[in-house]
$ cat query-v5.cif   # mmCIF, C-alpha atoms and all ligand atoms
data_my_file
#
loop_
_atom_site.label_atom_id
_atom_site.label_comp_id
_atom_site.auth_asym_id
_atom_site.auth_seq_id
_atom_site.Cartn_x
_atom_site.Cartn_y
_atom_site.Cartn_z
CA MET A 17 30.42 -13.55 8.36
CA LYS A 18 29.13 -15.20 5.18
CA THR A 19 30.62 -18.57 6.13
CA HIS A 20 29.10 -18.32 9.58
CA LYS A 21 25.68 -17.47 8.17
CA PHE A 22 25.90 -20.34 5.70
CA PHE A 23 26.91 -22.76 8.44
CA ALA A 24 24.07 -21.63 10.69
CA ALA A 25 21.61 -21.97 7.81
CA CYS A 26 22.83 -25.55 7.27
CA VAL A 27 22.36 -26.32 10.96
CA THR A 28 18.79 -25.03 10.74
CA MET A 29 18.06 -26.99 7.58
CA SER A 30 19.53 -30.22 8.90
CA PHE A 31 17.42 -29.80 12.04
CA VAL A 32 14.31 -29.66 9.90
CA VAL A 33 15.36 -32.64 7.79
CA LEU A 34 16.41 -34.79 10.76
CA ALA A 35 13.21 -33.90 12.57
CA THR A 36 11.13 -35.33 9.75
CA PRO A 37 9.96 -38.85 10.62
CA ALA A 38 9.72 -41.66 8.10
CA HIS A 39 6.05 -42.46 8.75
CA ALA A 40 4.61 -39.00 8.96
CA ALA A 41 0.91 -38.59 9.31
CA LEU A 42 0.09 -34.91 9.54
CA ARG A 43 1.91 -32.44 7.30
CA VAL A 44 2.62 -29.27 9.29
CA LEU A 45 3.94 -26.12 7.66
CA ALA A 46 5.31 -23.75 10.30
CA CYS A 47 5.90 -20.12 9.35
CA GLU A 48 8.81 -19.70 11.81
CA PRO A 49 11.35 -22.14 13.33
CA GLU A 50 9.98 -21.85 16.90
CA TRP A 51 6.59 -23.19 15.83
CA GLY A 52 8.18 -25.97 13.79
CA ALA A 53 10.15 -26.95 16.89
CA LEU A 54 7.05 -26.77 19.08
CA ALA A 55 5.00 -28.92 16.68
CA GLN A 56 7.85 -31.45 16.75
CA GLU A 57 7.88 -31.45 20.57
CA LEU A 58 4.11 -31.90 20.75
CA ALA A 59 3.60 -34.37 17.94
CA GLY A 60 6.93 -36.16 17.36
CA PRO A 61 6.50 -38.98 14.84
CA LEU A 62 2.86 -38.06 14.25
CA VAL A 63 3.87 -35.07 12.11
CA ASP A 64 6.04 -34.21 9.17
CA VAL A 65 7.22 -30.66 9.89
CA SER A 66 8.42 -28.19 7.30
CA VAL A 67 9.43 -24.60 8.15
CA ALA A 68 8.88 -21.64 5.82
CA THR A 69 11.67 -19.43 7.22
CA THR A 70 15.08 -20.01 8.77
CA ALA A 71 16.28 -18.28 11.93
CA LEU A 72 18.52 -16.10 9.78
CA GLN A 73 15.67 -14.76 7.66
CA ASP A 74 13.60 -11.74 8.62
CA PRO A 75 10.18 -13.30 9.35
CA HIS A 76 8.45 -9.99 8.53
CA GLN A 77 9.44 -10.30 4.89
CA ILE A 78 10.26 -13.34 2.80
CA GLN A 79 9.45 -14.28 -0.78
CA ALA A 80 6.49 -16.60 -1.39
CA ARG A 81 8.54 -18.73 -3.81
CA PRO A 82 6.93 -21.54 -5.88
CA SER A 83 8.55 -24.23 -3.69
CA LEU A 84 6.96 -22.67 -0.60
CA ILE A 85 3.58 -22.39 -2.35
CA ALA A 86 3.83 -26.12 -3.14
CA ARG A 87 4.48 -26.89 0.54
CA ALA A 88 1.46 -24.76 1.53
CA ARG A 89 -0.71 -26.73 -0.92
CA ASN A 90 0.32 -30.01 0.73
CA ALA A 91 -0.04 -28.84 4.33
CA ASP A 92 -2.64 -30.35 6.66
CA LEU A 93 -1.95 -27.67 9.27
CA LEU A 94 -0.35 -24.25 9.08
CA VAL A 95 1.26 -22.99 12.31
CA CYS A 96 2.16 -19.30 12.17
CA THR A 97 2.66 -16.41 14.58
CA GLY A 98 -0.16 -14.19 13.32
CA ALA A 99 -0.55 -10.67 14.80
CA GLU A 100 0.41 -9.44 11.33
CA LEU A 101 4.00 -10.67 11.61
CA GLU A 102 3.64 -12.43 8.25
CA VAL A 103 1.39 -9.78 6.69
CA GLY A 104 4.04 -9.07 4.03
CA TRP A 105 4.03 -12.60 2.59
CA LEU A 106 1.53 -15.04 4.11
CA PRO A 107 -1.63 -13.59 2.49
CA VAL A 108 0.10 -13.88 -0.91
CA LEU A 109 1.18 -17.44 -0.11
CA LEU A 110 -2.34 -18.43 0.97
CA GLN A 111 -3.92 -16.83 -2.05
CA GLN A 112 -1.44 -18.46 -4.43
CA SER A 113 -1.96 -21.86 -2.80
CA GLY A 114 -5.65 -21.73 -3.67
CA ILE A 115 -6.38 -24.08 -0.75
CA ALA A 116 -9.50 -23.18 1.23
CA LYS A 117 -8.77 -25.14 4.42
CA ILE A 118 -5.55 -23.26 5.33
CA GLN A 119 -6.99 -19.76 4.92
CA ALA A 120 -7.10 -17.49 7.99
CA GLY A 121 -9.92 -18.38 10.37
CA GLN A 122 -10.01 -22.06 9.34
CA PRO A 123 -9.05 -24.82 11.87
CA ALA A 124 -6.03 -25.76 9.74
CA HIS A 125 -4.70 -22.20 10.10
CA PHE A 126 -3.27 -21.88 13.61
CA ALA A 127 -2.15 -18.39 14.68
CA ALA A 128 -0.09 -18.61 17.88
CA ALA A 129 -0.53 -14.95 18.83
CA ASP A 130 -4.29 -15.54 19.27
CA PHE A 131 -3.51 -17.48 22.46
CA VAL A 132 -1.29 -15.06 24.39
CA HIS A 133 -1.67 -11.63 25.91
CA LYS A 134 -0.15 -9.25 23.38
CA LEU A 135 2.04 -6.31 24.38
CA GLU A 136 2.21 -2.90 22.73
CA VAL A 137 -1.21 -3.07 21.08
CA PRO A 138 -1.73 0.46 19.74
CA THR A 139 -4.88 2.23 20.90
CA GLN A 140 -5.16 3.70 17.42
CA VAL A 141 -3.28 2.84 14.26
CA ASP A 142 -1.32 5.82 13.06
CA ARG A 143 0.22 5.08 9.64
CA SER A 144 2.98 7.64 10.29
CA LEU A 145 4.28 5.40 13.08
CA GLY A 146 4.73 2.53 10.64
CA ASP A 147 2.24 -0.32 10.46
CA VAL A 148 4.51 -3.30 11.02
CA HIS A 149 3.22 -3.98 14.54
CA ALA A 150 -0.33 -2.66 14.21
CA ALA A 151 -1.82 -5.76 15.92
CA GLY A 152 0.54 -5.48 18.89
CA ASN A 153 4.09 -6.76 19.14
CA PRO A 154 4.16 -10.11 17.27
CA HIS A 155 7.44 -11.47 18.68
CA ILE A 156 5.68 -13.56 21.30
CA GLN A 157 8.12 -16.50 21.17
CA THR A 158 10.75 -14.61 23.19
CA ASP A 159 8.79 -15.30 26.42
CA PRO A 160 8.83 -19.02 27.36
CA ARG A 161 5.57 -18.57 29.29
CA ASN A 162 3.96 -17.80 25.92
CA ILE A 163 5.43 -21.03 24.52
CA ALA A 164 3.54 -22.92 27.25
CA LEU A 165 0.27 -21.16 26.36
CA VAL A 166 0.72 -21.77 22.65
CA ALA A 167 1.64 -25.41 23.33
CA HIS A 168 -1.65 -25.89 25.14
CA ALA A 169 -3.66 -24.39 22.27
CA LEU A 170 -1.65 -26.20 19.60
CA THR A 171 -2.27 -29.56 21.28
CA ALA A 172 -6.01 -28.89 21.17
CA ARG A 173 -5.73 -27.97 17.49
CA LEU A 174 -3.72 -31.11 16.65
CA GLN A 175 -6.38 -33.18 18.41
CA GLN A 176 -9.09 -31.40 16.41
CA ILE A 177 -7.36 -31.94 13.05
CA ASP A 178 -6.08 -35.46 13.80
CA GLY A 179 -8.68 -36.92 16.17
CA ALA A 180 -7.45 -40.50 15.76
CA ASN A 181 -4.29 -39.58 17.67
CA ALA A 182 -5.93 -37.37 20.32
CA ALA A 183 -4.76 -39.53 23.24
CA ALA A 184 -1.17 -39.56 22.01
CA TYR A 185 -1.20 -35.74 21.69
CA ALA A 186 -2.54 -35.46 25.25
CA GLN A 187 0.24 -37.67 26.59
CA ARG A 188 2.98 -35.79 24.74
CA ALA A 189 1.52 -32.46 25.92
CA THR A 190 1.64 -33.52 29.57
CA ASP A 191 5.24 -34.63 29.17
CA PHE A 192 6.25 -31.40 27.40
CA GLN A 193 4.51 -29.11 29.89
CA GLN A 194 6.20 -30.92 32.79
CA ARG A 195 9.66 -30.50 31.28
CA TRP A 196 8.86 -26.89 30.32
CA GLN A 197 7.72 -25.94 33.83
CA GLN A 198 10.95 -27.39 35.25
CA ALA A 199 12.96 -25.39 32.73
CA LEU A 200 11.00 -22.21 33.58
CA THR A 201 11.93 -22.62 37.25
CA ARG A 202 15.57 -23.13 36.30
CA TRP A 203 15.65 -20.09 33.97
CA HIS A 204 13.89 -17.90 36.51
CA ALA A 205 16.55 -18.64 39.15
CA LYS A 206 19.45 -18.34 36.75
CA ALA A 207 18.26 -15.02 35.27
CA ALA A 208 17.86 -13.34 38.67
CA PRO A 209 20.87 -11.01 38.09
CA LEU A 210 19.11 -9.59 35.01
CA ARG A 211 16.08 -8.30 36.90
CA GLY A 212 15.80 -4.51 36.73
CA THR A 213 18.59 -4.22 34.13
CA ALA A 214 18.27 -1.41 31.57
CA VAL A 215 18.92 -2.41 27.96
CA ALA A 216 18.70 -0.99 24.44
CA SER A 217 17.29 -2.96 21.48
CA GLN A 218 17.94 -2.63 17.78
CA HIS A 219 14.38 -3.70 16.84
CA LYS A 220 11.41 -4.09 19.20
CA ALA A 221 12.02 -7.83 18.99
CA PHE A 222 12.35 -8.68 22.69
CA SER A 223 9.47 -6.96 24.51
CA TYR A 224 8.10 -10.29 25.73
CA LEU A 225 11.56 -11.49 26.81
CA TYR A 226 12.01 -8.29 28.85
CA ASP A 227 8.55 -8.65 30.36
CA TRP A 228 9.44 -12.17 31.49
CA LEU A 229 12.89 -11.29 32.84
CA GLY A 230 11.96 -7.93 34.41
CA VAL A 231 14.39 -6.15 32.06
CA LYS A 232 13.77 -2.50 31.18
CA GLU A 233 14.04 -1.31 27.56
CA VAL A 234 15.33 2.27 27.70
CA ALA A 235 16.11 2.79 23.99
CA VAL A 236 15.29 1.35 20.56
CA LEU A 237 17.70 1.88 17.68
CA GLU A 238 15.18 1.60 14.84
CA PRO A 239 13.23 4.87 14.43
CA LYS A 240 10.18 2.81 13.35
CA PRO A 241 9.77 -1.00 13.32
CA GLY A 242 11.74 -2.40 10.41
CA VAL A 243 13.38 0.91 9.48
CA GLU A 244 17.19 0.93 9.60
CA PRO A 245 18.48 3.73 11.86
CA SER A 246 20.45 6.55 10.26
CA VAL A 247 23.65 7.79 11.91
CA SER A 248 21.88 10.96 13.04
CA HIS A 249 19.18 8.83 14.68
CA LEU A 250 21.86 6.72 16.36
CA GLN A 251 23.45 9.94 17.64
CA GLN A 252 20.10 10.82 19.26
CA VAL A 253 19.91 7.37 20.88
CA LEU A 254 23.48 7.81 22.11
CA ALA A 255 22.55 11.15 23.69
CA SER A 256 19.50 9.61 25.39
CA LEU A 257 21.68 6.82 26.79
CA LYS A 258 23.88 9.41 28.50
CA VAL A 259 20.82 10.39 30.54
CA GLN A 260 19.36 6.88 30.85
CA PRO A 261 22.22 4.36 30.48
CA ALA A 262 21.82 0.81 29.21
CA ARG A 263 23.94 -2.19 30.19
CA MET A 264 23.81 -3.81 26.73
CA VAL A 265 22.28 -3.48 23.29
CA LEU A 266 20.46 -6.51 21.90
CA TYR A 267 19.74 -7.57 18.34
CA ALA A 268 18.30 -10.71 16.74
CA ALA A 269 20.41 -13.23 14.80
CA TYR A 270 18.54 -12.47 11.57
CA GLN A 271 19.40 -8.78 11.75
CA ASP A 272 22.40 -6.89 10.42
CA GLY A 273 24.18 -6.07 13.68
CA ARG A 274 25.91 -2.90 12.48
CA PRO A 275 23.67 -0.40 14.31
CA SER A 276 24.21 -2.32 17.57
CA GLU A 277 27.94 -2.52 16.90
CA TRP A 278 27.99 1.25 16.25
CA LEU A 279 26.44 1.75 19.67
CA GLN A 280 28.91 -0.66 21.25
CA LYS A 281 31.77 1.39 19.82
CA ASN A 282 30.33 4.78 20.72
CA ALA A 283 28.50 4.10 23.99
CA GLY A 284 30.84 1.41 25.30
CA VAL A 285 28.03 -1.07 26.00
CA PRO A 286 28.27 -4.66 24.73
CA ALA A 287 26.28 -5.54 21.60
CA VAL A 288 24.63 -8.91 22.20
CA LYS A 289 23.31 -11.08 19.41
CA LEU A 290 20.42 -13.22 20.62
CA PRO A 291 19.31 -16.34 18.71
CA PHE A 292 15.66 -15.06 18.70
CA THR A 293 14.41 -18.47 17.58
CA VAL A 294 15.48 -22.10 17.25
CA GLY A 295 18.51 -22.30 14.95
CA GLY A 296 19.53 -18.67 15.56
CA ASP A 297 22.95 -19.90 16.65
CA ASP A 298 24.80 -23.19 17.02
CA ALA A 299 23.64 -23.68 20.63
CA SER A 300 19.91 -23.09 20.03
CA LYS A 301 19.07 -26.50 18.62
CA ASP A 302 15.65 -26.77 20.26
CA LEU A 303 13.25 -24.64 22.31
CA PHE A 304 14.91 -25.54 25.63
CA ALA A 305 18.39 -24.69 24.33
CA LEU A 306 17.03 -21.45 22.84
CA PHE A 307 16.19 -20.03 26.28
CA ASP A 308 19.29 -21.52 27.96
CA ASP A 309 21.41 -19.75 25.37
CA THR A 310 19.42 -16.48 25.48
CA VAL A 311 19.80 -16.19 29.27
CA ASP A 312 23.48 -17.22 29.09
CA ARG A 313 24.30 -14.57 26.51
CA MET A 314 22.62 -11.82 28.53
CA LEU A 315 24.33 -12.91 31.74
CA ALA A 316 27.68 -13.01 29.94
CA ALA A 317 27.14 -9.41 28.79
CA MET A 318 26.50 -8.41 32.41
CA GLY A 319 29.85 -9.93 33.32
CA SER A 320 28.10 -12.59 35.42
CA VAL A 321 29.32 -16.15 35.59
CA LYS A 322 27.27 -18.50 33.39
ZN ZN B 401 9.09 -6.95 14.46
#
$ encode --input "query-v5.cif" --output "C-alpha cells" --more "lines below"
Ligand SMILES: [Zn+2]
Amino acid sequence: MKTHKFFAACVTMSFVVLATPAHAALRVLACEPEWGALAQELAGPLVDVSVATTALQDPHQIQARPSLIARARNADLLVCTGAELEVGWLPVLLQQSGIAKIQAGQPAHFAAADFVHKLEVPTQVDRSLGDVHAAGNPHIQTDPRNIALVAHALTARLQQIDGANAAAYAQRATDFQQRWQQALTRWHAKAAPLRGTAVASQHKAFSYLYDWLGVKEVAVLEPKPGVEPSVSHLQQVLASLKVQPARMVLYAAYQDGRPSEWLQKNAGVPAVKLPFTVGGDDASKDLFALFDDTVDRMLAAMGSVK
C-alpha cells in the first residue's frame, strides 16, 4: 500500500516536472492536479505550471508549508477550484504570501467553480450538517462537461493576464475543445451501460460524474462530508442498501478505502477506487486518460467488457 502510494506520488511529481517548459513565461500555481493539467493543455510552453496538491492528498485539507507559500509569492496566476474546497488552507496561504494580485476576486485568482452550474447548493447553511460543502459540491472536475466550461473561462483569463499571447491561447483553445468534444462523444457511447445504475459513495465526491453519466447515488458512507463513518453508521448504510441496492461503492484515490472495503465485504458489492483527478492512478496521466480510466473502472465493476 505504502509502496504503491509512493510510486503514484512519484508519477504525479514527474508529470509536473516534465510538464514544465524550459522557456516559461507565465507562472501558474494550480491548487489541484486537474487544473494544472488543464493549464498545461491550454497554454503549453507559454506557462510554467506548479501544483499545490497531489492526487493522493485530500484537497480539502493540506498544510500551507513555507515552500508552497514561496510558490504562491512567485505565481502570476492562481488556478483553484473555489466553492470553498480549499477553505481550510488557501486563505492562510494567500494571507501568508502577502501578495495582493492573487487574492480572491483579483484577475490573477481564477476559481473554476465560478464558471459551472454547481450541484447540492444548500438553501440554508446549517452548521450541524457540517460546513465542508456550504457553497455547493466543489468536486466539479468529475464531469468532463465542466472541464470544457472551465477551459473556456481559463483561456479568457490567460488572455487577460498575458495579452501578448492572446492569439496563441485562442488557437490552443480551439484545438483542445475539438479534441475534448470528440472524447465526450466517445465516453458518452462507451458509458451507456452505466446509465440508470445505482451506486454508493464513500464521500460526496462524484455528484457531477453521476450527473453526467446518469448514475444514481443511493447511499453515502460518510455521515457528514469529511467525517469518517463509524461501524454503526456503516451498519445503517448496509441496512438501507438491502432496501435500495447499489451495484458498486466508489471512493477517490486520495481516500482511505477501508469503509468502502467494509461494504464490499458485508454487502457483496465491488469497492471501486476512482482516480478522481490527474495522477490518481498510473493510467490517469492527463485529463483525457482520467475520464477513459474512470469510465473503464466503473464498467469493469459492472462486469461489462472494457
Ligand atoms: Zn468534498
$ closest_residue --input "query-v5.cif" --among "A:Ala189, A:Ala255, A:Ala205, A:Leu101" --to "ligand ZN 401 (chain B)" --atoms "all atoms listed in the file"
A:Leu101
$ atom_distance --input "query-v5.cif" --atom1 "CA of Ala208 in chain A" --atom2 "CA of Leu135 in chain A"
22.4 Å
$ residues_around --input "query-v5.cif" --residues "range 43-50 of chain A" --least-positions-apart "4" --cutoff "8 Å" --atoms "all atoms listed in the file" --output "JSON, numbers by chain"
{"A": [54, 55, 63, 64, 65, 66, 67, 68, 69, 70, 71, 75, 87, 88, 90, 91, 92, 93, 94, 95, 96, 97, 157, 293, 294, 295, 303]}
$ residues_near_ligand --input "query-v5.cif" --ligand "ligand ZN 401 (chain B)" --cutoff "7 Å" --atoms "all atoms listed in the file" --output "JSON, numbers by chain"
{"A": [76, 101, 148, 149, 153, 154, 155, 219, 220, 221, 241, 242]}
$ closest_residue --input "query-v5.cif" --among "A:Glu238, A:Asp308, A:Glu136, A:Asp297" --to "Ser223 in chain A" --atoms "all atoms listed in the file"
A:Glu136
$ residues_around --input "query-v5.cif" --residues "Ile177 in chain A" --least-positions-apart "3" --cutoff "8 Å" --atoms "all atoms listed in the file" --output "list in words"
Leu93, Pro123, Ala124, Arg173 and Leu174 of chain A
$ write_last_selection --input "query-v5.cif" --atoms "C-alpha atoms" --output "mmCIF file, keeping the file's coordinate frame"
data_model
loop_
_atom_site.group_PDB
_atom_site.id
_atom_site.type_symbol
_atom_site.label_atom_id
_atom_site.label_comp_id
_atom_site.auth_asym_id
_atom_site.auth_seq_id
_atom_site.Cartn_x
_atom_site.Cartn_y
_atom_site.Cartn_z
ATOM 1 C CA LEU A 93 -1.950 -27.670 9.270
ATOM 2 C CA PRO A 123 -9.050 -24.820 11.870
ATOM 3 C CA ALA A 124 -6.030 -25.760 9.740
ATOM 4 C CA ARG A 173 -5.730 -27.970 17.490
ATOM 5 C CA LEU A 174 -3.720 -31.110 16.650
#
$ atom_distance --input "query-v5.cif" --atom1 "CA of Gln77 in chain A" --atom2 "CA of Gly273 in chain A"
17.7 Å
$ atom_distance --input "query-v5.cif" --atom1 "CA of Gln260 in chain A" --atom2 "CA of Val234 in chain A"
6.9 Å
$ closest_residue --input "query-v5.cif" --among "A:Pro291, A:Gln197, A:Ser217, A:Phe222" --to "Ile163 in chain A" --atoms "all atoms listed in the file"
A:Gln197
